[in-house]
There are 4 protein chains.
Amino acid sequence: MNFASDNWAGAHPRIVEAVAGEAGRFGAAYGAAETDLRAAARFSEIFETAVSVFPVATGTAANALSMAALAMPGGFVFCHRESHSVEDECGAVEHLTGGARLYKLDGTAGKIAAADVAKAATGFDPASVHGGRPMAVSITQATEAGGVYSVAEIEAIAAAAHAAGLPLHMDGARFANALVAIDASPAEMTWRAGVDILSFGGTKNGCIGADAIVVFDTSRALDLPWLRMRTGHNFSKARFVSAQFEAYFADGLWLRMAGHARVMADLLRAGLDAAPHARQAWPTASNEVFAVLRRAEIASLREKGASFYDWHKPHGADLGLAPEEGLVRLVTSFATERSEIDAFLAHLPK
Amino acid sequence: MNFASDNWAGAHPRIVEAVAGEAGRFGAAYGAAETDLRAAARFSEIFETAVSVFPVATGTAANALSMAALAMPGGFVFCHRESHSVEDECGAVEHLTGGARLYKLDGTAGKIAAADVAKAATGFDPASVHGGRPMAVSITQATEAGGVYSVAEIEAIAAAAHAAGLPLHMDGARFANALVAIDASPAEMTWRAGVDILSFGGTKNGCIGADAIVVFDTSRALDLPWLRMRTGHNFSKARFVSAQFEAYFADGLWLRMAGHARVMADLLRAGLDAAPHARQAWPTASNEVFAVLRRAEIASLREKGASFYDWHKPHGADLGLAPEEGLVRLVTSFATERSEIDAFLAHLPK
Amino acid sequence: MNFASDNWAGAHPRIVEAVAGEAGRFGAAYGAAETDLRAAARFSEIFETAVSVFPVATGTAANALSMAALAMPGGFVFCHRESHSVEDECGAVEHLTGGARLYKLDGTAGKIAAADVAKAATGFDPASVHGGRPMAVSITQATEAGGVYSVAEIEAIAAAAHAAGLPLHMDGARFANALVAIDASPAEMTWRAGVDILSFGGTKNGCIGADAIVVFDTSRALDLPWLRMRTGHNFSKARFVSAQFEAYFADGLWLRMAGHARVMADLLRAGLDAAPHARQAWPTASNEVFAVLRRAEIASLREKGASFYDWHKPHGADLGLAPEEGLVRLVTSFATERSEIDAFLAHLPK
Amino acid sequence: MNFASDNWAGAHPRIVEAVAGEAGRFGAAYGAAETDLRAAARFSEIFETAVSVFPVATGTAANALSMAALAMPGGFVFCHRESHSVEDECGAVEHLTGGARLYKLDGTAGKIAAADVAKAATGFDPASVHGGRPMAVSITQATEAGGVYSVAEIEAIAAAAHAAGLPLHMDGARFANALVAIDASPAEMTWRAGVDILSFGGTKNGCIGADAIVVFDTSRALDLPWLRMRTGHNFSKARFVSAQFEAYFADGLWLRMAGHARVMADLLRAGLDAAPHARQAWPTASNEVFAVLRRAEIASLREKGASFYDWHKPHGADLGLAPEEGLVRLVTSFATERSEIDAFLAHLPK
């Protein structure tokens with residue numbers, strides 16, 4: 001019963017095979033091997049347009065270097081108050097951009113609203129240098145709180161961003177989980193909806209370590225080779241990351257893995273809805289489920305070996321928690337087994 | 001005949017096995033899994049002292065973050081003019097330290113001399129802020145030019161550095177290659193000789209991707225978790241790197257791989273010494289050999305499938321190159337086969 | 001009727017005289033002239049303890065370099081949501097610290113509470129690097145909203161900061177205005193109350209341009225010469241700033257200028273309290289007065305030549321503004337004349 | 001006999017008058033006062049083209065922020081090995097650009113050659129990110145070693161820079177001294193010759209403190225308001241700097257001051273040429289004279305109250321110094337008196 005995080009899961013055998021295959025060969029370093037070129041081409045196929053792809057070590061690096069590519073001195077990035085860049089990256093965006101700031105917007109399930117972007121962007125006096133200036137908008141798909149934007153919502157945010165002259169970044173650490181939640185194509189969920197630059201994550205969805213920056217507005221990609229190199233994110237044996245991406249996309253493996261995680265999460269959601277003394281804290285659509293359980297059950301589940309995190313109440317939310325209740329996060333992945341779900345739900349009192 | 005670089009080689013099957021084994025399990029993220037703890041403990045065993053270990057994505061990251069850990073505003077790092085940080089890291093040290101500068105020293109085979117460190121360190125007026133101030137010394141072991149410091153040479157440099165109040169960093173991207181060249185223990189070649197912080201590289205010696213900062217003077221390690229996190233180098237699935245390190249150290253695999261590379265390089269060296277129209281450009285002791293060949297042979301070898309880089313003449317060196325001669329770099333690795341060496345040497349005219 | 005800002009005022013004749021006197025002499029550059037040494041010594045006298053003093057170009061520089069002197073990677077500075085560093089410095093703190101972040105606390109009249117500092121400081125998990133860590137506390141005295149901390153309040157904040165291991169910075173852009181408001185000595189209002197580092201501003205109180213960082217905990221001052229130099233804040237003709245400080249302190253000129261500004265502000269406050277259709281938006285004690293006036297009067301006053309800024313409602317405040325009312329800021333200075341106050345108040349309808 | 005530096009001199013009475021005049025008035029802050037607008041317009045008149053002007057605190061700030069305006073990640077600035085940015089700014093360029101590096105070129109009297117710029121710019125492989133890339137060229141006019149570029153020389157360097165796609169920066173800390181040395185107009189010596197951005201210094205030539213960035217290629221100026229603000233270089237009482245510039249340009253005061261310094265330096269040069277036991281170390285044309293004197297005379301002159309700096313031998317220069325000889329720098333300024341020159345020369349043995 002491991003629901004701690006999708007980054008606690010291992011890696012899919014096909015990903016491992018691809019790495020093993022690469023291990024037996026020589027290949028050019030720093031992204032120039034055939035495997036690298038094939039993987040890069042595959043990204044363009046998957047997204048149905050010519051993209052620039054930059055593998056980096058982590059999702060944090062993908063986010064912060066995306067922002068560095070968009071950086072303007074004095075700039076603000078509009079994003080959700082509980083986004084990864086705000087809460088979990090130790091100031092990486094601020095550091096790697098030379099001091100850009102995150103402008104926090106509210107919204108349920110980690111999602112921001114187009115209207116709030118538009119309003120925030122108009123709150124700056126372009127004639128005054130003191131207060132800084134808008135620089136970019138960043139959304140997470142799926143969000144850290146399990147929310148998933150519809151294509152229409154992304155389009156609306158992109159329209160608001162672009163109307164204010166701002167590029168739109170998407171943190172896709174759980175990109176595949178979002179895709180299978182809304183049944184859109186990669187193109188529909190990104191550049192066709194107005195996304196300019198994407199942190200594309202494979203690590204949480206069955207890879208060993210595979211994160212990349214994908215640039216749709218390739219005029220934004222010109223500095224990225226240098227930005228990446230000078231932060232130590234240009235892998236010498238990049239082909240081992242590329243090989244993972246190639247296997248990830250082959251035969252739709254990535255969507256199957258994310259689809260499995262979603263089915264597992266759906267079972268959890270259904271089980272919580274049916275349980276008399278447990279509930280979903282708020283609706284989610286990805287592989288993350290936030291549950292309100294009685295503290296006694298939380299302790300008892302952990303005693304029985306369940307692994308999951310206590311979660312903090314979202315800013316401004318009213319979850320109607322009773323004194324004896326707690327909030328926990330349950331994350332499924334490609335590696336979650338049906339039996340784990342069943343065991344978990346079986347422990348909830350009837 | 002692939003002598004392009006040791007980072008063009010693949011990975012050892014035992015490294016791949018370790019990764020595959022990890023793939024089948026859940027494990028805590030961000031370095032808290034049992035595999036991570038075991039690997040960290042193994043580093044302390046290998047170095048015979050309690051060390052702090054920080055896996056990062058690349059050798060460039062290890063170097064630049066080591067310098068960030070030592071950074072002082074206005075600081076200079078004394079290092080060789082042809083060191084990786086100077087020539088190949090796109091300004092990573094300057095960027096991640098917030099503007100530290102590299103002070104270039106000369107020396108044959110990429111090695112600097114203790115006397116030059118001592119002299120450079122005295123060239124600053126402590127009462128004047130304008131010219132900056134010394135901050136650290138960095139040496140590469142083995143060097144980018146195939147040189148290997150003896151333990152005595154490291155001790156002398158460390159003494160000069162410490163006398164000036166400066167910590168000593170070692171770029172060990174080819175640490176194992178140096179170890180087998182001088183037959184020292186890891187402890188003897190580092191902290192016992194006065195090294196304070198080490199970029200430890202496994203990637204060039206048979207790993208998929210395994211680089212780490214190893215801190216001996218652990219008072220220098222306090223900020224590193226934060227420095228690493230905010231540059232996006234804190235792997236969520238860190239245990240896949242740790243697993244590589246564990247396999248790397250097991251049964252002396254790392255030394256066997258480096259030993260093999262050295263034997264292969266020794267054969268190359270011997271073959272060049274014996275060839276009438278070829279020669280070593282300068283003596284080397286690691287898995288890198290720099291050869292002066294006639295341009296005709298260089299072209300012919302490439303036609304026959306040999307892969308290697310043309311090299312630039314070291315600053316200030318006089319290699320006595322005839323007009324028809326060129327300088328090339330030949331690098332061996334754990335994956336170099338005897339037959340490649342034989343084929344290469346067989347193509348040199350008798 | 002110029003109430004736009006105290007930095008719209010000119011400079012006191014005695015300040016100009018001091019500069020003129022300096023102009024006729026040679027003197028060592030970069031802070032080594034006799035005038036510099038005298039001024040530095042004067043600071044120690046004024047503060048009744050040995051301090052380190054670093055003149056810089058602006059209050060923004062003083063704040064950001066103070067933070068740079070305290071910087072820790074991943075660090076947060078606790079400060080008021082409407083502090084100058086948050087609202088008016090274009091990200092200077094974030095930039096010059098390499099990415100530190102400002103953690104915004106609420107509070108009336110720009111003042112934060114010791115309890116909120118204590119609470120915020122405990123909201124970090126020291127075992128987790130993701131969320132960053134506390135680094136410093138910064139208060140403004142007098143605040144941007146006209147508030148003035150009592151010595152007891154400063155002591156309480158300092159105690160909370162120090163209990164959490166955090167140094168306390170004071171932004172004293174209006175230091176003298178605060179001093180005359182609470183009738184404390186410079187020492188009482190700073191180091192004796194627990195302030196570790198101070199942005200000391202003379203510019204808004206009758207100087208031409210005279211800002212400095214004053215360090216009480218001189219162990220914090222060691223890097224400042226380098227931090228200041230590499231940001232271009234080490235004046236070659238520093239003695240022209242020192243001369244201003246010397247004149248500023250001579251015969252209590254600084255307190256007389258601030259005292260005059262306070263008297264003028266008190267008259268404004270009294271006049272607003274007495275006016276039937278105007279009021280103070282909130283109580284202030286420094287040379288800043290925030291007034292709620294009817295929009296008709298605001299327009300009419302401007303037509304008659306009054307100069308002042310519209311102001312934004314503080315975050316979360318309820319000023320009970322009627323639709324026909326607006327909020328404005330009125331700032332007095334050493335140069336404000338009684339006749340300006342009288343004229344202003346005379347224009348308010350009876 | 002004060003020849004220590006032109007930044008040891010005071011300020012011209014007309015500069016002081018201008019400041020005093022400003023002191024008696026209110027005026028808008030942050031560069032929006034009428035004085036600011038007049039001074040900015042004056043710059044455009046002086047340079048015979050519409051320029052953008054940004055006052056900053058020091059020449060170091062002007063240089064480093066100019067580079068920040070031109071910055072590219074991984075970038076190198078080609079400049080002279082003994083330029084101020086290399087030797088005297090404590091890494092300000094590296095810091096404020098986020099890690100740009102200075103690429104040092106040689107040349108006599110602090111001047112670089114167009115051919116060396118062209119050659120250096122071709123030494124980078126645009127397909128490789130490792131070694132960085134060219135970003136800008138910077139020359140100093142007049143140089144730190146007393147050299148002055150002819151207009152033709154500037155044109156040649158600009159042509160080499162622009163051919164390589166690089167903007168040309170001029171460090172004009174002694175701009176007026178250069179102007180009077182070559183009898184060119186400000187326009188001829190800058191944008192008409194190909195200079196894109198200029199550090200314009202008034203401080204060393206009779207101002208209290210007046211340095212500014214002047215941008216000719218105004219497309220390069222778009223980020224500068226933000227770059228300046230976030231480094232604390234946006235003066236609130238900017239009009240006191242503007243007032244200095246206005247007085248500086250009025251009635252050709254700046255050229256008269258620089259002309260006087262030149263006449264004084266010419267007298268020094270002539271005196272040294274005539275002295276049997278002293279000589280110019282190398283020819284100079286600005287207000288700096290480098291003299292080889294016997295150590296006995298150096299000591300004796302100092303005893304008699306002369307003030308000047310020992311100087312270090314330029315890199316690679318052979319000055320033919322005898323063991324009893326030393327190298328010193330003598331700087332004249334607007335404030336140097338004929339009697340000082342006479343006294344100095346009178347002390348040299350006949």
# chains A, B, ... in the order shown; residues from 1 in each chain; ligands from 1
>>> interface_residues(of="chain D", to="chain C", cutoff="8 Å", atoms="only C-alpha atoms", output="number ranges by chain")
D: 2, 7-13, 16, 19-20, 22-29, 57-62, 64, 89-93, 95-96, 203, 208-209, 226, 229-237, 240
>>> select_by_dssp(residues="stretch 116-290 of chain C", states="strand (DSSP E)", output="ChimeraX atom specification")
/C:133-140,168-172,197-201,211-215,279-280,288-290
>>> write_last_selection(atoms="N, CA and C atoms", output="mmCIF file, in the first residue's frame")
data_model
loop_
_atom_site.group_PDB
_atom_site.id
_atom_site.type_symbol
_atom_site.label_atom_id
_atom_site.label_comp_id
_atom_site.auth_asym_id
_atom_site.auth_seq_id
_atom_site.Cartn_x
_atom_site.Cartn_y
_atom_site.Cartn_z
ATOM 1 N N ARG C 133 14.158 27.958 3.895
ATOM 2 C CA ARG C 133 14.395 28.107 5.333
ATOM 3 C C ARG C 133 14.431 29.591 5.715
ATOM 4 N N PRO C 134 14.127 29.862 6.969
ATOM 5 C CA PRO C 134 14.188 31.255 7.427
ATOM 6 C C PRO C 134 15.634 31.759 7.411
ATOM 7 N N MET C 135 15.798 33.031 7.129
ATOM 8 C CA MET C 135 17.146 33.605 6.997
ATOM 9 C C MET C 135 17.302 34.910 7.776
ATOM 10 N N ALA C 136 16.252 35.696 7.845
ATOM 11 C CA ALA C 136 16.356 36.989 8.520
ATOM 12 C C ALA C 136 14.967 37.563 8.723
ATOM 13 N N VAL C 137 14.918 38.579 9.586
ATOM 14 C CA VAL C 137 13.699 39.363 9.777
ATOM 15 C C VAL C 137 14.047 40.807 9.433
ATOM 16 N N SER C 138 13.121 41.476 8.770
ATOM 17 C CA SER C 138 13.361 42.875 8.423
ATOM 18 C C SER C 138 12.144 43.717 8.785
ATOM 19 N N ILE C 139 12.392 44.780 9.519
ATOM 20 C CA ILE C 139 11.315 45.736 9.832
ATOM 21 C C ILE C 139 11.708 47.110 9.297
ATOM 22 N N THR C 140 10.710 47.944 9.091
ATOM 23 C CA THR C 140 10.970 49.311 8.625
ATOM 24 C C THR C 140 10.602 50.276 9.741
ATOM 25 N N LEU C 168 18.168 40.413 12.872
ATOM 26 C CA LEU C 168 17.131 41.425 12.645
ATOM 27 C C LEU C 168 17.714 42.622 11.899
ATOM 28 N N HIS C 169 17.102 42.905 10.780
ATOM 29 C CA HIS C 169 17.468 44.078 9.974
ATOM 30 C C HIS C 169 16.409 45.154 10.149
ATOM 31 N N MET C 170 16.860 46.403 10.182
ATOM 32 C CA MET C 170 15.928 47.529 10.207
ATOM 33 C C MET C 170 16.159 48.395 8.972
ATOM 34 N N ASP C 171 15.090 48.626 8.218
ATOM 35 C CA ASP C 171 15.147 49.581 7.117
ATOM 36 C C ASP C 171 14.857 50.947 7.707
ATOM 37 N N GLY C 172 15.893 51.746 7.840
ATOM 38 C CA GLY C 172 15.770 53.054 8.456
ATOM 39 C C GLY C 172 15.832 54.180 7.441
ATOM 40 N N ILE C 197 21.550 44.850 12.023
ATOM 41 C CA ILE C 197 22.050 45.569 10.847
ATOM 42 C C ILE C 197 20.974 46.555 10.415
ATOM 43 N N LEU C 198 21.423 47.730 9.982
ATOM 44 C CA LEU C 198 20.508 48.849 9.748
ATOM 45 C C LEU C 198 20.777 49.503 8.401
ATOM 46 N N SER C 199 19.726 49.753 7.645
ATOM 47 C CA SER C 199 19.824 50.661 6.494
ATOM 48 C C SER C 199 19.559 52.058 7.026
ATOM 49 N N PHE C 200 20.594 52.883 7.041
ATOM 50 C CA PHE C 200 20.474 54.208 7.632
ATOM 51 C C PHE C 200 20.323 55.230 6.517
ATOM 52 N N GLY C 201 19.191 55.932 6.525
ATOM 53 C CA GLY C 201 18.951 56.867 5.435
ATOM 54 C C GLY C 201 18.988 58.309 5.876
ATOM 55 N N ASP C 211 23.034 57.502 2.104
ATOM 56 C CA ASP C 211 22.504 56.263 2.663
ATOM 57 C C ASP C 211 23.678 55.373 3.030
ATOM 58 N N ALA C 212 23.486 54.573 4.070
ATOM 59 C CA ALA C 212 24.584 53.714 4.505
ATOM 60 C C ALA C 212 24.030 52.473 5.187
ATOM 61 N N ILE C 213 24.813 51.425 5.118
ATOM 62 C CA ILE C 213 24.536 50.234 5.922
ATOM 63 C C ILE C 213 25.334 50.367 7.208
ATOM 64 N N VAL C 214 24.670 50.226 8.335
ATOM 65 C CA VAL C 214 25.332 50.289 9.640
ATOM 66 C C VAL C 214 25.211 48.908 10.283
ATOM 67 N N VAL C 215 26.348 48.319 10.604
ATOM 68 C CA VAL C 215 26.339 46.953 11.135
ATOM 69 C C VAL C 215 26.702 46.971 12.609
ATOM 70 N N ARG C 279 -10.464 62.887 7.059
ATOM 71 C CA ARG C 279 -10.008 62.175 8.255
ATOM 72 C C ARG C 279 -8.678 61.479 7.975
ATOM 73 N N GLN C 280 -7.974 61.131 9.030
ATOM 74 C CA GLN C 280 -6.812 60.263 8.877
ATOM 75 C C GLN C 280 -7.312 58.862 8.542
ATOM 76 N N GLU C 288 4.598 60.925 7.716
ATOM 77 C CA GLU C 288 3.651 60.535 6.689
ATOM 78 C C GLU C 288 2.238 60.524 7.284
ATOM 79 N N VAL C 289 1.331 61.125 6.537
ATOM 80 C CA VAL C 289 -0.064 61.166 6.949
ATOM 81 C C VAL C 289 -0.890 60.616 5.803
ATOM 82 N N PHE C 290 -1.781 59.699 6.103
ATOM 83 C CA PHE C 290 -2.653 59.137 5.077
ATOM 84 C C PHE C 290 -4.055 59.675 5.338
#
>>> residues_around(residues="stretch 245-260 of chain D", least_positions_apart="5", cutoff="6 Å", atoms="only C-alpha atoms", output="short mmCIF file (atom, residue, chain, number, x, y, z; two decimals) with N, CA, C and O atoms, in the first residue's frame")
data_model
loop_
_atom_site.label_atom_id
_atom_site.label_comp_id
_atom_site.auth_asym_id
_atom_site.auth_seq_id
_atom_site.Cartn_x
_atom_site.Cartn_y
_atom_site.Cartn_z
N ILE D 15 30.12 73.19 -10.38
CA ILE D 15 29.38 71.96 -10.07
C ILE D 15 28.70 72.10 -8.70
O ILE D 15 27.52 71.75 -8.54
N ALA D 39 18.87 67.68 -18.31
CA ALA D 39 20.19 67.04 -18.42
C ALA D 39 20.17 65.92 -19.46
O ALA D 39 21.10 65.78 -20.25
N ALA D 176 36.23 62.71 -21.12
CA ALA D 176 36.61 64.08 -21.49
C ALA D 176 38.11 64.18 -21.71
O ALA D 176 38.58 64.90 -22.60
N ASN D 177 38.88 63.45 -20.90
CA ASN D 177 40.32 63.48 -21.08
C ASN D 177 40.72 62.94 -22.44
O ASN D 177 41.67 63.41 -23.07
N VAL D 180 39.76 65.61 -25.34
CA VAL D 180 40.70 66.73 -25.54
C VAL D 180 42.05 66.23 -26.04
O VAL D 180 42.84 67.01 -26.58
N PHE D 334 41.47 68.58 -13.10
CA PHE D 334 41.06 69.99 -13.20
C PHE D 334 41.66 70.82 -12.07
O PHE D 334 41.81 72.04 -12.20
#
>>> residues_around(residues="stretch 319-322 of chain C", least_positions_apart="6", cutoff="10 Å", atoms="only C-alpha atoms", output="mmCIF file with N, CA and C atoms, in the first residue's frame")
data_model
loop_
_atom_site.group_PDB
_atom_site.id
_atom_site.type_symbol
_atom_site.label_atom_id
_atom_site.label_comp_id
_atom_site.auth_asym_id
_atom_site.auth_seq_id
_atom_site.Cartn_x
_atom_site.Cartn_y
_atom_site.Cartn_z
ATOM 1 N N GLN C 280 -7.974 61.131 9.030
ATOM 2 C CA GLN C 280 -6.812 60.263 8.877
ATOM 3 C C GLN C 280 -7.312 58.862 8.542
ATOM 4 N N ALA C 281 -6.673 58.244 7.538
ATOM 5 C CA ALA C 281 -7.094 56.897 7.145
ATOM 6 C C ALA C 281 -6.747 55.904 8.242
ATOM 7 N N TRP C 282 -5.602 56.098 8.838
ATOM 8 C CA TRP C 282 -5.215 55.322 10.021
ATOM 9 C C TRP C 282 -4.209 56.181 10.790
ATOM 10 N N VAL C 292 -8.127 60.434 4.163
ATOM 11 C CA VAL C 292 -9.306 60.176 3.351
ATOM 12 C C VAL C 292 -9.977 61.519 3.101
ATOM 13 N N LEU C 293 -10.050 61.878 1.830
ATOM 14 C CA LEU C 293 -10.670 63.145 1.437
ATOM 15 C C LEU C 293 -11.725 62.842 0.387
ATOM 16 N N ARG C 294 -12.612 63.774 0.249
ATOM 17 C CA ARG C 294 -13.562 63.590 -0.842
ATOM 18 C C ARG C 294 -12.857 63.874 -2.169
ATOM 19 N N LYS C 313 -5.150 51.190 -1.033
ATOM 20 C CA LYS C 313 -5.632 50.666 0.231
ATOM 21 C C LYS C 313 -4.731 49.520 0.702
#
>>> closest_residue(among="A:Ala343, A:Ala163, A:Ser242, A:Tyr103", to="A:Arg42", atoms="only C-alpha atoms")
A:Ser242
>>> atom_distance(atom1="atom CA of A:Ser66", atom2="atom CA of A:Thr284")
26.7 Å
